[in-house]
file input-v4.cif (mmCIF, C-alpha atoms)
data_run
loop_
_atom_site.label_atom_id
_atom_site.label_comp_id
_atom_site.auth_asym_id
_atom_site.auth_seq_id
_atom_site.Cartn_x
_atom_site.Cartn_y
_atom_site.Cartn_z
CA MET D 18 -29.40 -15.66 1.38
CA LYS D 19 -28.31 -14.29 4.75
CA LYS D 20 -24.76 -13.03 5.20
CA THR D 21 -22.78 -14.88 7.87
CA ILE D 22 -21.25 -12.74 10.62
CA SER D 23 -18.78 -14.35 13.04
CA CYS D 24 -16.95 -11.32 14.45
CA ILE D 25 -18.35 -7.97 15.59
CA ALA D 26 -16.07 -5.12 16.70
CA PHE D 27 -17.34 -2.07 18.60
CA ASP D 28 -15.62 1.26 19.00
CA LEU D 29 -16.06 2.61 22.54
CA ASP D 30 -16.47 6.39 22.87
CA GLY D 31 -19.41 7.64 20.87
CA THR D 32 -20.39 4.11 19.85
CA LEU D 33 -20.69 1.35 22.45
CA LEU D 34 -20.64 3.88 25.29
CA ARG D 35 -23.33 6.51 25.77
CA SER D 36 -22.33 10.08 26.57
CA ASP D 37 -22.47 9.20 30.27
CA GLY D 38 -19.79 6.53 29.72
CA LYS D 39 -22.16 3.60 30.25
CA VAL D 40 -23.32 0.69 28.08
CA SER D 41 -27.11 0.51 27.83
CA GLU D 42 -28.98 -2.54 29.09
CA ALA D 43 -30.36 -3.16 25.60
CA THR D 44 -26.83 -3.30 24.16
CA ARG D 45 -25.60 -5.53 26.99
CA SER D 46 -28.40 -8.00 26.34
CA LEU D 47 -27.72 -7.93 22.60
CA ILE D 48 -24.01 -8.68 23.04
CA SER D 49 -24.84 -11.54 25.41
CA LEU D 50 -27.20 -13.03 22.81
CA LEU D 51 -24.63 -12.67 20.02
CA GLN D 52 -22.03 -14.47 22.12
CA LYS D 53 -24.44 -17.31 22.84
CA LYS D 54 -24.84 -17.72 19.08
CA GLY D 55 -21.05 -18.21 18.87
CA CYS D 56 -20.20 -14.78 17.47
CA LEU D 57 -16.92 -13.26 18.65
CA CYS D 58 -17.66 -9.79 20.04
CA THR D 59 -14.76 -7.45 20.72
CA ILE D 60 -13.69 -3.84 21.21
CA ALA D 61 -11.69 -1.68 18.80
CA THR D 62 -10.73 1.57 20.50
CA GLY D 63 -8.14 4.30 20.69
CA ARG D 64 -8.13 3.90 24.45
CA MET D 65 -5.48 2.17 26.55
CA PHE D 66 -5.76 -1.60 26.96
CA GLN D 67 -6.50 -1.32 30.68
CA SER D 68 -9.39 1.02 29.94
CA ALA D 69 -10.78 -1.20 27.17
CA ALA D 70 -10.37 -4.25 29.40
CA ALA D 71 -12.45 -2.64 32.17
CA VAL D 72 -15.37 -2.12 29.75
CA ALA D 73 -14.93 -5.64 28.33
CA ARG D 74 -15.22 -7.19 31.78
CA GLU D 75 -18.24 -5.08 32.57
CA ILE D 76 -20.12 -6.47 29.55
CA SER D 77 -18.79 -10.02 29.99
CA LEU D 78 -16.32 -10.14 27.10
CA PHE D 79 -13.78 -12.61 28.46
CA ARG D 80 -10.70 -14.14 26.86
CA VAL D 81 -11.21 -12.39 23.53
CA PRO D 82 -8.62 -10.29 21.65
CA LEU D 83 -9.16 -6.56 22.18
CA ILE D 84 -7.91 -3.85 19.82
CA ALA D 85 -6.47 -0.92 21.78
CA TYR D 86 -4.41 2.21 21.12
CA ASN D 87 -6.08 2.75 17.74
CA GLY D 88 -4.69 -0.57 16.49
CA SER D 89 -1.20 -0.48 18.02
CA LEU D 90 -2.00 -3.32 20.42
CA LEU D 91 -3.91 -6.58 20.08
CA ARG D 92 -4.10 -8.55 23.31
CA VAL D 93 -6.35 -11.29 24.65
CA LEU D 94 -8.17 -10.24 27.79
CA GLY D 95 -6.70 -12.22 30.67
CA GLU D 96 -3.27 -12.78 29.08
CA LYS D 97 -0.09 -10.76 29.67
CA SER D 98 1.59 -11.25 26.30
CA SER D 99 0.30 -9.44 23.22
CA LEU D 100 -0.70 -10.94 19.90
CA PHE D 101 0.51 -7.76 18.20
CA SER D 102 2.26 -4.63 19.41
CA TRP D 103 3.76 -1.85 17.31
CA GLY D 104 4.89 1.40 18.89
CA ILE D 105 6.31 4.67 17.60
CA PRO D 106 10.15 4.46 17.59
CA LYS D 107 11.28 6.25 20.73
CA GLU D 108 13.63 8.67 18.94
CA LEU D 109 10.81 9.75 16.63
CA ALA D 110 8.39 9.88 19.56
CA GLY D 111 10.71 12.13 21.55
CA GLU D 112 11.10 14.48 18.61
CA LEU D 113 7.33 14.63 18.19
CA LEU D 114 6.69 15.27 21.88
CA ARG D 115 9.21 18.12 21.91
CA PHE D 116 7.61 19.55 18.76
CA CYS D 117 4.24 19.60 20.57
CA LYS D 118 5.77 21.35 23.56
CA LYS D 119 7.32 23.99 21.32
CA ASN D 120 3.85 24.68 19.89
CA ASN D 121 2.25 24.81 23.36
CA TRP D 122 -0.06 21.86 22.60
CA TYR D 123 -1.30 19.49 25.26
CA VAL D 124 0.19 16.05 24.64
CA GLN D 125 0.31 12.71 26.45
CA SER D 126 1.86 9.36 25.57
CA TYR D 127 1.33 5.70 26.40
CA LEU D 128 4.09 3.26 27.29
CA GLU D 129 3.67 -0.23 28.78
CA ASP D 130 -0.04 0.50 29.25
CA ARG D 131 0.74 3.56 31.38
CA LEU D 132 -0.55 7.06 30.68
CA LEU D 133 2.37 9.52 30.77
CA VAL D 134 2.43 13.32 30.88
CA GLU D 135 4.95 16.06 31.64
CA GLU D 136 2.71 17.45 34.36
CA LYS D 137 -0.96 17.15 35.19
CA SER D 138 -3.40 19.70 33.80
CA TYR D 139 -7.08 20.17 32.96
CA TRP D 140 -6.79 17.85 29.97
CA THR D 141 -5.02 15.19 32.02
CA GLU D 142 -7.82 15.17 34.58
CA TYR D 143 -10.42 15.14 31.81
CA TYR D 144 -8.84 12.05 30.26
CA GLU D 145 -8.35 10.32 33.62
CA ASN D 146 -12.06 10.71 34.32
CA LEU D 147 -13.05 9.69 30.80
CA ALA D 148 -11.00 6.49 30.68
CA SER D 149 -10.90 5.67 34.42
CA VAL D 150 -7.08 5.59 34.45
CA GLN D 151 -4.33 7.42 36.35
CA ALA D 152 -1.66 9.51 34.66
CA HIS D 153 1.99 9.52 35.69
CA ALA D 154 3.78 12.90 35.61
CA LEU D 155 7.43 12.54 34.56
CA GLY D 156 8.58 16.13 34.28
CA GLU D 157 11.25 16.80 31.68
CA ALA D 158 11.90 13.03 31.31
CA PHE D 159 8.54 12.80 29.53
CA PHE D 160 10.17 14.19 26.38
CA SER D 161 12.77 11.40 26.18
CA PRO D 162 10.77 8.13 26.11
CA SER D 163 12.45 5.03 27.55
CA GLY D 164 10.67 2.83 24.99
CA ASP D 165 8.44 2.97 21.93
CA PRO D 166 5.09 4.57 22.88
CA LEU D 167 2.04 2.74 21.55
CA LYS D 168 0.30 6.05 20.98
CA ILE D 169 0.65 9.79 21.44
CA LEU D 170 -2.47 11.91 21.93
CA LEU D 171 -3.02 15.64 21.52
CA ALA D 172 -6.06 17.56 22.77
CA ALA D 173 -7.34 20.60 20.87
CA GLU D 174 -9.33 23.51 22.22
CA ASN D 175 -11.35 23.84 19.00
CA GLU D 176 -11.63 22.70 15.38
CA GLU D 177 -9.20 25.37 14.17
CA GLU D 178 -6.46 24.20 16.53
CA HIS D 179 -7.17 20.57 15.63
CA ALA D 180 -6.74 21.38 11.93
CA LEU D 181 -3.52 23.28 12.68
CA MET D 182 -2.14 20.27 14.54
CA ILE D 183 -2.83 18.01 11.57
CA ARG D 184 -1.22 20.40 9.08
CA SER D 185 1.83 21.04 11.24
CA LEU D 186 2.49 17.40 12.13
CA THR D 187 2.00 16.32 8.52
CA GLU D 188 4.45 18.95 7.28
CA ARG D 189 7.02 18.09 9.95
CA PHE D 190 6.78 14.29 10.11
CA GLY D 191 5.20 13.33 6.80
CA ASP D 192 4.30 9.67 6.44
CA THR D 193 6.49 8.47 9.33
CA ILE D 194 3.33 8.54 11.49
CA PHE D 195 -0.41 7.93 11.11
CA LEU D 196 -2.84 10.60 12.30
CA ALA D 197 -6.49 10.05 13.15
CA GLY D 198 -9.05 12.29 14.79
CA SER D 199 -11.41 11.17 17.53
CA HIS D 200 -13.83 12.94 19.82
CA THR D 201 -15.79 12.66 23.02
CA PRO D 202 -18.35 15.04 24.53
CA GLY D 203 -16.37 18.24 25.17
CA ALA D 204 -13.06 17.14 23.62
CA ARG D 205 -11.39 16.96 20.21
CA PHE D 206 -8.41 14.59 20.10
CA LEU D 207 -5.70 13.84 17.57
CA GLU D 208 -4.21 10.35 17.87
CA VAL D 209 -0.71 9.60 16.61
CA VAL D 210 0.45 6.02 16.03
CA ALA D 211 3.22 4.39 14.03
CA ARG D 212 3.07 4.37 10.25
CA GLY D 213 0.97 1.47 8.96
CA VAL D 214 -1.00 1.13 12.20
CA ASN D 215 -4.78 1.54 12.38
CA LYS D 216 -7.88 -0.26 13.63
CA GLY D 217 -8.47 -1.90 10.26
CA LYS D 218 -5.04 -3.55 10.16
CA ALA D 219 -5.56 -4.76 13.73
CA LEU D 220 -8.92 -6.28 12.76
CA GLU D 221 -7.18 -8.16 9.96
CA LYS D 222 -4.62 -9.56 12.40
CA LEU D 223 -7.36 -10.48 14.87
CA CYS D 224 -9.26 -12.41 12.22
CA GLU D 225 -6.11 -14.15 11.04
CA HIS D 226 -5.38 -15.26 14.61
CA GLN D 227 -8.96 -16.45 15.19
CA GLY D 228 -9.43 -18.13 11.84
CA ILE D 229 -12.23 -15.78 10.80
CA SER D 230 -12.70 -14.46 7.28
CA LEU D 231 -12.90 -10.69 6.93
CA GLU D 232 -16.04 -11.41 4.89
CA GLU D 233 -17.64 -12.45 8.19
CA THR D 234 -16.98 -9.20 10.07
CA LEU D 235 -19.29 -6.39 11.18
CA VAL D 236 -18.03 -3.19 12.84
CA PHE D 237 -19.50 -0.10 14.52
CA GLY D 238 -17.82 3.33 14.84
CA ASP D 239 -18.30 7.08 14.82
CA SER D 240 -14.94 8.87 14.34
CA GLU D 241 -12.20 9.36 11.75
CA ASN D 242 -10.10 6.68 13.41
CA ASP D 243 -12.88 4.18 12.62
CA VAL D 244 -12.70 4.71 8.85
CA PRO D 245 -9.84 2.16 8.39
CA LEU D 246 -11.99 -0.26 10.42
CA PHE D 247 -14.87 0.35 7.99
CA GLU D 248 -12.55 -0.27 5.05
CA SER D 249 -11.31 -3.64 6.34
CA ALA D 250 -14.65 -5.07 7.52
CA ALA D 251 -17.26 -6.66 5.27
CA VAL D 252 -20.08 -4.66 6.88
CA SER D 253 -19.70 -1.32 8.67
CA VAL D 254 -22.16 0.79 10.63
CA ALA D 255 -21.71 4.50 11.41
CA MET D 256 -23.47 5.92 14.45
CA GLY D 257 -25.90 8.81 14.06
CA ASN D 258 -23.49 11.08 15.95
CA ALA D 259 -20.73 10.48 13.38
CA ALA D 260 -19.65 13.33 11.12
CA PRO D 261 -21.09 13.17 7.57
CA HIS D 262 -17.76 12.23 5.98
CA VAL D 263 -17.48 9.28 8.38
CA ARG D 264 -21.09 8.16 7.79
CA ASN D 265 -20.47 8.23 4.05
CA ARG D 266 -17.71 5.61 4.40
CA ALA D 267 -19.94 3.05 6.14
CA THR D 268 -22.25 0.41 4.68
CA TYR D 269 -25.09 1.44 7.00
CA GLY D 270 -26.04 4.26 9.30
CA THR D 271 -27.93 4.02 12.56
CA GLU D 272 -29.10 6.24 15.40
CA SER D 273 -26.70 7.86 17.87
CA ASN D 274 -24.97 6.22 20.81
CA ASP D 275 -27.46 7.94 23.12
CA GLN D 276 -30.44 6.66 21.12
CA GLU D 277 -29.75 2.90 21.24
CA GLY D 278 -28.09 3.04 17.82
CA ILE D 279 -26.49 -0.40 18.08
CA ALA D 280 -29.62 -2.19 19.28
CA LEU D 281 -31.77 -0.41 16.69
CA PHE D 282 -29.45 -1.49 13.88
CA PHE D 283 -29.99 -5.14 14.77
CA GLU D 284 -33.73 -4.54 15.17
CA LYS D 285 -33.93 -3.04 11.67
CA HIS D 286 -31.35 -5.13 9.78
CA GLY D 287 -30.65 -8.22 11.88
CA GLU D 288 -32.72 -10.50 9.64
CA GLN D 289 -30.22 -9.93 6.82
CA PHE D 290 -27.49 -11.73 8.77
CA SER D 291 -26.78 -15.11 10.28
CA PHE D 292 -24.70 -14.82 13.47
CA GLU D 293 -22.59 -17.96 13.86
CA PRO D 294 -19.16 -19.20 14.99
CA SER D 295 -16.30 -18.77 12.56
CA GLY D 296 -15.86 -21.06 9.56
CA ILE D 297 -13.07 -22.99 11.30
CA SER D 298 -15.30 -23.57 14.32
CA ARG D 299 -18.19 -24.70 12.13
CA SER D 300 -16.00 -27.21 10.27
CA ALA D 301 -14.22 -28.54 13.38
#

call {"tool": "encode", "arguments": {"input": "input-v4.cif", "output": "structure tokens"}}
result
Amino acid sequence: MKKTISCIAFDLDGTLLRSDGKVSEATRSLISLLQKKGCLCTIATGRMFQSAAAVAREISLFRVPLIAYNGSLLRVLGEKSSLFSWGIPKELAGELLRFCKKNNWYVQSYLEDRLLVEEKSYWTEYYENLASVQAHALGEAFFSPSGDPLKILLAAENEEEHALMIRSLTERFGDTIFLAGSHTPGARFLEVVARGVNKGKALEKLCEHQGISLEETLVFGDSENDVPLFESAAVSVAMGNAAPHVRNRATYGTESNDQEGIALFFEKHGEQFSFEPSGISRSA
């Protein structure tokens, strides 16, 4: 008996997007077909909402809830109000930002869907080009947030510095925050969100809002921040470019994002699934 899938969530960097930042024609056609079958296709990313929304429009995902900021925000494309939003308390965020400055780490934050930095640098320009967004330099005011940032992001020069960031932030802030690694070609990031926030929890809220059972979900990812997504979904697929410890947490593996990994998964395993509207839609 085929397993019913009514919701498919795609991570962006290293998954839906190739290394050149584009979505392949094969993947575009596949998503279009899945939508015609009544399957809800969405994005689950660490990126800002405005960046995720730009990709969603490009591949014709309209009026669907998108998961942004590593799960801190769930918003329907085309609507101003959010279905879910949970930021880092501003006092805690300010303390964390100042801790990063003391350690000479590059750090940026996100408030009201704006990318904020103390001053622009190499890493700022790298991220602006990666996500097609513009950063706002605040000077010293950057370290005293006016609201609760949806995410704080650090960039590491190498694996050793990335590991040091994790150890230091864990020792200093304990379980008041959630840390997750992510990567793009040429960059190693550490994402910081509020305690209890992750892509998996956001997927659960999305399904609750849409009337979809988690047993009808399929997700694709490649980084540490996708592991909670794998844990919440019924079926998970790790890209070939994922680290071994990430691949080991997924139901399936596939080829890399630059080798049509998503399309090849459906080519190899698609017959095991039935792609249909959600149970509520089928019974309406």

call {"tool": "closest_residue", "arguments": {"input": "input-v4.cif", "among": "D:Lys97, D:Arg189, D:Lys218, D:His200", "to": "Cys117 (chain D)", "atoms": "only C-alpha atoms"}}
result
D:Arg189

call {"tool": "resolve_selection", "arguments": {"input": "input-v4.cif", "expression": "the PyMOL selection byres ((chain D and resi 51) around 12)", "output": "JSON, numbers by chain"}}
result
{"D": [22, 23, 24, 25, 26, 44, 45, 46, 47, 48, 49, 50, 52, 53, 54, 55, 56, 57, 58, 59, 77, 78, 280, 283, 287, 290, 291, 292, 293, 294]}

call {"tool": "atom_distance", "arguments": {"input": "input-v4.cif", "atom1": "CA of Val244 (chain D)", "atom2": "CA of Arg205 (chain D)"}}
result
16.8 Å

call {"tool": "resolve_selection", "arguments": {"input": "input-v4.cif", "expression": "the PyMOL selection byres ((chain D and resi 259) around 9)", "output": "count of residues only"}}
result
15

call {"tool": "residues_near_point", "arguments": {"input": "input-v4.cif", "point": "(-22.9, 1.3, 7.3)", "cutoff": "8 Å", "atoms": "all atoms listed in the file", "output": "PyMOL selection string"}}
result
chain D and resi 252-255+264+266-271
